[in-house]
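Participant: Sharing entry-v4.cif below, mmCIF, C-alpha atoms and all ligand atoms:
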```cif
data_run
loop_
_atom_site.label_atom_id
_atom_site.label_comp_id
_atom_site.auth_asym_id
_atom_site.auth_seq_id
_atom_site.Cartn_x
_atom_site.Cartn_y
_atom_site.Cartn_z
CA MET F 1 17.24 7.79 21.25
CA LYS F 2 16.41 10.54 18.74
CA ASP F 3 12.82 11.63 18.53
CA ALA F 4 11.19 12.30 15.15
CA THR F 5 12.19 15.97 15.05
CA GLU F 6 15.80 15.27 15.99
CA ALA F 7 15.90 12.53 13.34
CA GLY F 8 14.86 15.07 10.69
CA PHE F 9 11.32 13.95 10.06
CA ALA F 10 9.72 17.28 10.89
CA SER F 11 11.20 18.81 7.75
CA ALA F 12 10.03 15.91 5.62
CA VAL F 13 6.41 17.05 5.56
CA GLN F 14 5.85 19.66 2.90
CA LEU F 15 2.76 21.78 3.19
CA THR F 16 1.07 23.37 0.24
CA GLY F 17 1.27 27.13 -0.14
CA ASP F 18 -2.36 27.56 0.81
CA GLY F 19 -1.89 25.49 3.96
CA SER F 20 -4.13 22.65 2.84
CA PHE F 21 -1.63 20.04 4.03
CA MET F 22 -2.11 17.83 0.99
CA GLU F 23 1.45 16.93 0.03
CA ILE F 24 3.77 14.41 1.61
CA VAL F 25 7.37 14.43 0.43
CA GLU F 26 9.82 12.14 2.16
CA LEU F 27 13.17 13.89 1.98
CA THR F 28 15.09 12.76 5.02
CA ALA F 29 15.81 9.89 7.34
CA ARG F 30 15.43 7.31 4.58
CA ASP F 31 17.78 4.95 6.35
CA ASP F 32 16.24 5.28 9.79
CA GLU F 33 15.41 1.65 10.54
CA ARG F 34 12.72 2.71 12.99
CA VAL F 35 10.27 3.56 10.19
CA TRP F 36 10.01 -0.15 9.31
CA ILE F 37 7.29 -2.14 11.05
CA LYS F 38 7.75 -5.88 11.41
CA GLU F 39 4.78 -7.98 10.37
CA PRO F 40 3.58 -10.14 13.21
CA GLY F 41 2.57 -13.74 12.58
CA ILE F 42 1.30 -13.72 8.99
CA GLY F 43 4.68 -12.81 7.51
CA VAL F 44 8.20 -14.23 7.81
CA ASP F 45 10.95 -11.60 7.59
CA VAL F 46 8.44 -9.03 6.36
CA TRP F 47 8.45 -5.32 7.21
CA TRP F 48 6.30 -2.49 5.92
CA ARG F 49 6.72 1.27 5.94
CA PRO F 50 3.53 3.33 5.65
CA LEU F 51 3.75 6.40 3.42
CA MET F 52 0.12 7.57 3.34
CA PHE F 53 -3.20 6.61 4.89
CA ASP F 54 -6.34 7.74 3.04
CA ILE F 55 -8.64 7.91 6.03
CA ALA F 56 -11.87 8.75 4.19
CA ASN F 57 -11.57 5.96 1.62
CA GLY F 58 -9.69 3.24 3.50
CA ASN F 59 -6.68 3.15 1.16
CA HIS F 60 -3.02 3.32 2.01
CA VAL F 61 0.41 3.42 0.35
CA GLU F 62 3.33 1.51 1.79
CA ILE F 63 6.70 0.04 0.94
CA LEU F 64 6.84 -3.67 1.64
CA ARG F 65 10.27 -5.09 2.48
CA VAL F 66 10.89 -8.84 2.51
CA ARG F 67 14.26 -10.35 3.29
CA LYS F 68 15.67 -13.28 1.32
CA GLY F 69 13.79 -16.41 2.31
CA GLY F 70 10.86 -14.43 3.67
CA SER F 71 7.20 -14.72 2.76
CA LEU F 72 3.84 -13.07 3.25
CA GLY F 73 0.92 -15.41 3.95
CA LYS F 74 -1.79 -16.22 1.42
CA HIS F 75 -4.22 -13.34 1.13
CA LEU F 76 -6.61 -11.44 -1.11
CA HIS F 77 -7.87 -7.90 -1.49
CA ALA F 78 -11.45 -6.78 -1.97
CA THR F 79 -10.35 -4.18 -4.52
CA PRO F 80 -7.37 -3.92 -6.90
CA VAL F 81 -3.83 -3.32 -5.68
CA HIS F 82 -1.08 -1.52 -7.60
CA GLY F 83 2.59 -2.25 -7.00
CA PHE F 84 5.93 -1.01 -8.33
CA VAL F 85 9.08 -3.00 -7.61
CA LEU F 86 11.93 -0.85 -6.26
CA GLU F 87 14.50 -3.52 -5.40
CA GLY F 88 14.89 -7.29 -5.51
CA ARG F 89 12.90 -10.08 -7.11
CA TRP F 90 9.86 -11.88 -5.77
CA ARG F 91 6.90 -13.91 -6.92
CA TYR F 92 3.56 -15.32 -5.94
CA LEU F 93 3.39 -19.09 -5.44
CA GLU F 94 0.09 -19.13 -7.34
CA HIS F 95 1.47 -17.44 -10.51
CA ASP F 96 4.30 -18.13 -12.95
CA TRP F 97 5.81 -14.63 -13.29
CA VAL F 98 8.63 -13.05 -11.31
CA ALA F 99 8.51 -9.39 -10.28
CA GLU F 100 11.79 -7.51 -10.67
CA PRO F 101 12.96 -3.89 -10.29
CA GLY F 102 10.94 -1.53 -12.43
CA ALA F 103 8.03 -3.95 -12.81
CA TYR F 104 4.46 -2.75 -12.30
CA VAL F 105 2.21 -5.30 -10.61
CA TYR F 106 -1.60 -5.19 -10.75
CA GLU F 107 -3.45 -7.45 -8.35
CA PRO F 108 -7.09 -7.96 -9.37
CA ALA F 109 -9.73 -7.93 -6.66
CA GLY F 110 -10.17 -11.38 -5.15
CA ASP F 111 -6.93 -12.88 -6.46
CA GLN F 112 -5.39 -15.12 -3.79
CA HIS F 113 -1.61 -15.02 -3.61
CA THR F 114 1.31 -15.93 -1.35
CA LEU F 115 4.36 -13.71 -1.71
CA VAL F 116 7.81 -15.30 -1.54
CA CYS F 117 11.22 -13.67 -1.82
CA GLU F 118 13.77 -16.32 -2.71
CA GLU F 119 16.67 -14.18 -3.90
CA GLU F 120 17.96 -10.86 -2.52
CA GLU F 121 15.88 -8.57 -0.30
CA MET F 122 12.99 -6.89 -2.07
CA LYS F 123 11.29 -3.54 -1.64
CA THR F 124 8.03 -2.80 -3.46
CA LEU F 125 5.73 0.21 -3.32
CA PHE F 126 2.08 -0.83 -2.97
CA HIS F 127 -1.14 1.16 -3.18
CA ILE F 128 -3.68 -0.96 -1.33
CA SER F 129 -7.40 -0.24 -1.32
CA GLY F 130 -9.52 -1.60 1.47
CA PRO F 131 -8.93 -4.59 3.72
CA ILE F 132 -6.34 -7.34 3.30
CA LEU F 133 -7.89 -10.73 4.00
CA TYR F 134 -5.54 -13.57 4.98
CA VAL F 135 -6.88 -17.02 4.12
CA ASP F 136 -6.06 -20.68 4.75
CA ASP F 137 -5.84 -23.39 2.08
CA ASP F 138 -9.64 -23.69 2.07
CA SER F 139 -10.08 -19.94 1.51
CA ASN F 140 -11.34 -19.39 5.04
CA VAL F 141 -10.45 -15.93 6.31
CA ILE F 142 -8.06 -16.33 9.25
CA ALA F 143 -6.95 -12.71 9.75
CA MET F 144 -7.69 -9.25 8.42
CA ASP F 145 -5.94 -5.92 8.23
CA ASP F 146 -7.37 -2.55 7.31
CA ASN F 147 -6.39 1.05 7.88
CA LYS F 148 -7.66 0.93 11.45
CA SER F 149 -5.53 -2.06 12.46
CA LEU F 150 -2.51 -0.89 10.45
CA ILE F 151 -2.60 2.58 11.96
CA GLN F 152 -2.91 1.10 15.45
CA ARG F 153 0.10 -1.14 14.81
CA ALA F 154 2.11 1.73 13.38
CA ARG F 155 1.20 3.95 16.33
CA GLU F 156 2.34 1.33 18.86
CA HIS F 157 5.55 0.69 16.91
CA TYR F 158 6.49 4.37 16.63
CA ALA F 159 5.59 5.00 20.26
CA SER F 160 7.93 2.21 21.35
CA ASN F 161 10.96 3.33 19.33
CA GLY F 162 11.03 7.03 20.11
CA LEU F 163 9.46 8.44 16.93
CA GLY F 164 6.35 9.06 18.97
CA THR F 165 2.69 8.16 19.23
CA ASP F 166 1.72 10.93 16.81
CA PHE F 167 4.34 10.11 14.17
CA VAL F 168 1.81 8.21 12.06
CA ASN F 169 -0.61 11.17 12.05
CA ARG F 170 1.59 13.02 9.55
CA LEU F 171 0.66 10.39 6.95
CA PHE F 172 -3.11 10.92 7.20
CA ARG F 173 -4.97 12.38 4.24
FE FE F 201 -1.62 -8.82 -2.23
#
```
Could you render the structure from this file as structure tokens?
Facilitator:
Amino acid sequence: MKDATEAGFASAVQLTGDGSFMEIVELTARDDERVWIKEPGIGVDVWWRPLMFDIANGNHVEILRVRKGGSLGKHLHATPVHGFVLEGRWRYLEHDWVAEPGAYVYEPAGDQHTLVCEEEEMKTLFHISGPILYVDDDSNVIAMDDNKSLIQRAREHYASNGLGTDFVNRLFR
């Protein structure tokens, strides 16, 4: 099993000239399946790949990947979410539009939505601020994710597949 350096990830982090470590540029290992983290429980055939964790403000950027027939449970966000569709088509059960490649999606704070992918596999870049609250049909919160839980899950995932416990640290800003 290749570790992160052998897989080419070490060269993917670009540092600024003054050494302030502010830039992240993903150049290599795009097809390394190990970067994808399977959603437990709340999602069906859902994976996510973290790209950046804003530690001070509780935001993060990820690519969400949902296979055909997959879904992500009903949830809401305390603050707005921005999305850009890279591949595939998907929709929210609660709305009448379909997101397709090149579409920008804005999720207002408090909007409850259930993501379904009924056609080919989708990939969408999301910038998510603050916690993700999963709710039941009566709007009771049944689960929650935030940077702390997501980072912990990513750390365990990368530790188990050879990329290493510290692999997620390179995404911290
Ligand atoms: Fe959402």
Participant: Counting only C-alpha atoms, which residues sit no farther than 12 Å from the position (2.2, 11.1, 12.2) in the file's frame? I'd like them as a VMD selection string.
Facilitator: chain F and resid 4 to 5 9 to 10 12 to 13 24 35 50 to 53 151 to 152 154 to 159 163 to 173
Participant: Please produce a file of the residues just selected, as a PDB file, in the frame of the given file, where the atoms kept are C-alpha atoms.
Facilitator:
```pdb
ATOM      1  CA  ALA F   4      11.190  12.300  15.150  1.00  0.00           C
ATOM      2  CA  THR F   5      12.190  15.970  15.050  1.00  0.00           C
ATOM      3  CA  PHE F   9      11.320  13.950  10.060  1.00  0.00           C
ATOM      4  CA  ALA F  10       9.720  17.280  10.890  1.00  0.00           C
ATOM      5  CA  ALA F  12      10.030  15.910   5.620  1.00  0.00           C
ATOM      6  CA  VAL F  13       6.410  17.050   5.560  1.00  0.00           C
ATOM      7  CA  ILE F  24       3.770  14.410   1.610  1.00  0.00           C
ATOM      8  CA  VAL F  35      10.270   3.560  10.190  1.00  0.00           C
ATOM      9  CA  PRO F  50       3.530   3.330   5.650  1.00  0.00           C
ATOM     10  CA  LEU F  51       3.750   6.400   3.420  1.00  0.00           C
ATOM     11  CA  MET F  52       0.120   7.570   3.340  1.00  0.00           C
ATOM     12  CA  PHE F  53      -3.200   6.610   4.890  1.00  0.00           C
ATOM     13  CA  ILE F 151      -2.600   2.580  11.960  1.00  0.00           C
ATOM     14  CA  GLN F 152      -2.910   1.100  15.450  1.00  0.00           C
ATOM     15  CA  ALA F 154       2.110   1.730  13.380  1.00  0.00           C
ATOM     16  CA  ARG F 155       1.200   3.950  16.330  1.00  0.00           C
ATOM     17  CA  GLU F 156       2.340   1.330  18.860  1.00  0.00           C
ATOM     18  CA  HIS F 157       5.550   0.690  16.910  1.00  0.00           C
ATOM     19  CA  TYR F 158       6.490   4.370  16.630  1.00  0.00           C
ATOM     20  CA  ALA F 159       5.590   5.000  20.260  1.00  0.00           C
ATOM     21  CA  LEU F 163       9.460   8.440  16.930  1.00  0.00           C
ATOM     22  CA  GLY F 164       6.350   9.060  18.970  1.00  0.00           C
ATOM     23  CA  THR F 165       2.690   8.160  19.230  1.00  0.00           C
ATOM     24  CA  ASP F 166       1.720  10.930  16.810  1.00  0.00           C
ATOM     25  CA  PHE F 167       4.340  10.110  14.170  1.00  0.00           C
ATOM     26  CA  VAL F 168       1.810   8.210  12.060  1.00  0.00           C
ATOM     27  CA  ASN F 169      -0.610  11.170  12.050  1.00  0.00           C
ATOM     28  CA  ARG F 170       1.590  13.020   9.550  1.00  0.00           C
ATOM     29  CA  LEU F 171       0.660  10.390   6.950  1.00  0.00           C
ATOM     30  CA  PHE F 172      -3.110  10.920   7.200  1.00  0.00           C
ATOM     31  CA  ARG F 173      -4.970  12.380   4.240  1.00  0.00           C
TER      32      ARG F 173
END
```
Participant: Give me, please, the distance in Å between CA of Glu62 (chain F) and CA of Asn140 (chain F), quoted to one decimal.
Facilitator: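 Separation between CA of Glu62 (chain F) and CA of Asn140 (chain F): 25.7 Å.
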Participant: Measure the distance from CA of Leu115 (chain F) to CA of Glu39 (chain F) in Å and round it to one decimal.
Facilitator: 13.4 Å
Participant: Taking all atoms listed in the file into account, name the residue in F:Lys123, F:Leu133, F:Ala7, F:Leu86 that is nearest to Arg49 (chain F).
Facilitator: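 Using all atoms listed in the file, Arg49 (chain F) sits closest to F:Lys123.
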Participant: Collect all residues with atoms no farther than 12 Å from ligand FE 201 (chain F), counting only C-alpha atoms and all ligand atoms, and output them as JSON, numbers by chain.
Facilitator: {"F": [64, 71, 72, 73, 74, 75, 76, 77, 78, 79, 80, 81, 82, 83, 91, 92, 93, 94, 105, 106, 107, 108, 109, 110, 111, 112, 113, 114, 115, 116, 124, 125, 126, 127, 128, 129, 130, 131, 132, 133, 134, 135, 145]}
Participant: Go ahead and find all residues with at least one atom no further than 7 Å from (14.4, 0.2, -7.3) in the file's coordinates, using only C-alpha atoms; report them as a VMD selection string.
Facilitator: chain F and resid 85 to 87 101 to 102
Participant: Interatomic distance between CA of Ala99 (chain F) and CA of Leu150 (chain F)?
Facilitator: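 Between CA of Ala99 (chain F) and CA of Leu150 (chain F) the gap is 25.0 Å.
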Participant: Restricting the calculation to only C-alpha atoms: of F:Glu119, F:Gly8, F:Ser139, F:Asn161, which residue gets closest to Trp36 (chain F)?
Facilitator: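 Closest residue, counting only C-alpha atoms: F:Asn161.
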Participant: Kindly indicate which residue among F:Gly162, F:Asp96, F:Asp54, F:Phe84 lies nearest to Arg34 (chain F), using all atoms listed in the file for the distances.
Facilitator: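 Of F:Gly162, F:Asp96, F:Asp54, F:Phe84, the one nearest Arg34 (chain F), counting all atoms listed in the file, is F:Gly162.
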Participant: Draw an axis-aligned box tight on the listed atoms of region 107-122 of chain F, then pad every side by 5 Å and write out centre and edge lengths in Å to one decimal as lines of an AutoDock Vina configuration file.
Facilitator:
```
center_x = 3.9
center_y = -11.6
center_z = -4.8
size_x = 38.1
size_y = 19.4
size_z = 19.1
```
Participant: Restricting the calculation to all atoms listed in the file: of F:Glu100, F:Ser149, F:Ser160, F:Ala143, which residue gets closest to Ile42 (chain F)?
Facilitator: F:Ala143
Participant: Between F:Asp137, F:Lys2, F:Gly70, F:Arg153, which one has atoms that come closest to Glu121 (chain F), using all atoms listed in the file?
Facilitator: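 Closest to Glu121 (chain F) of all the choices is F:Gly70.
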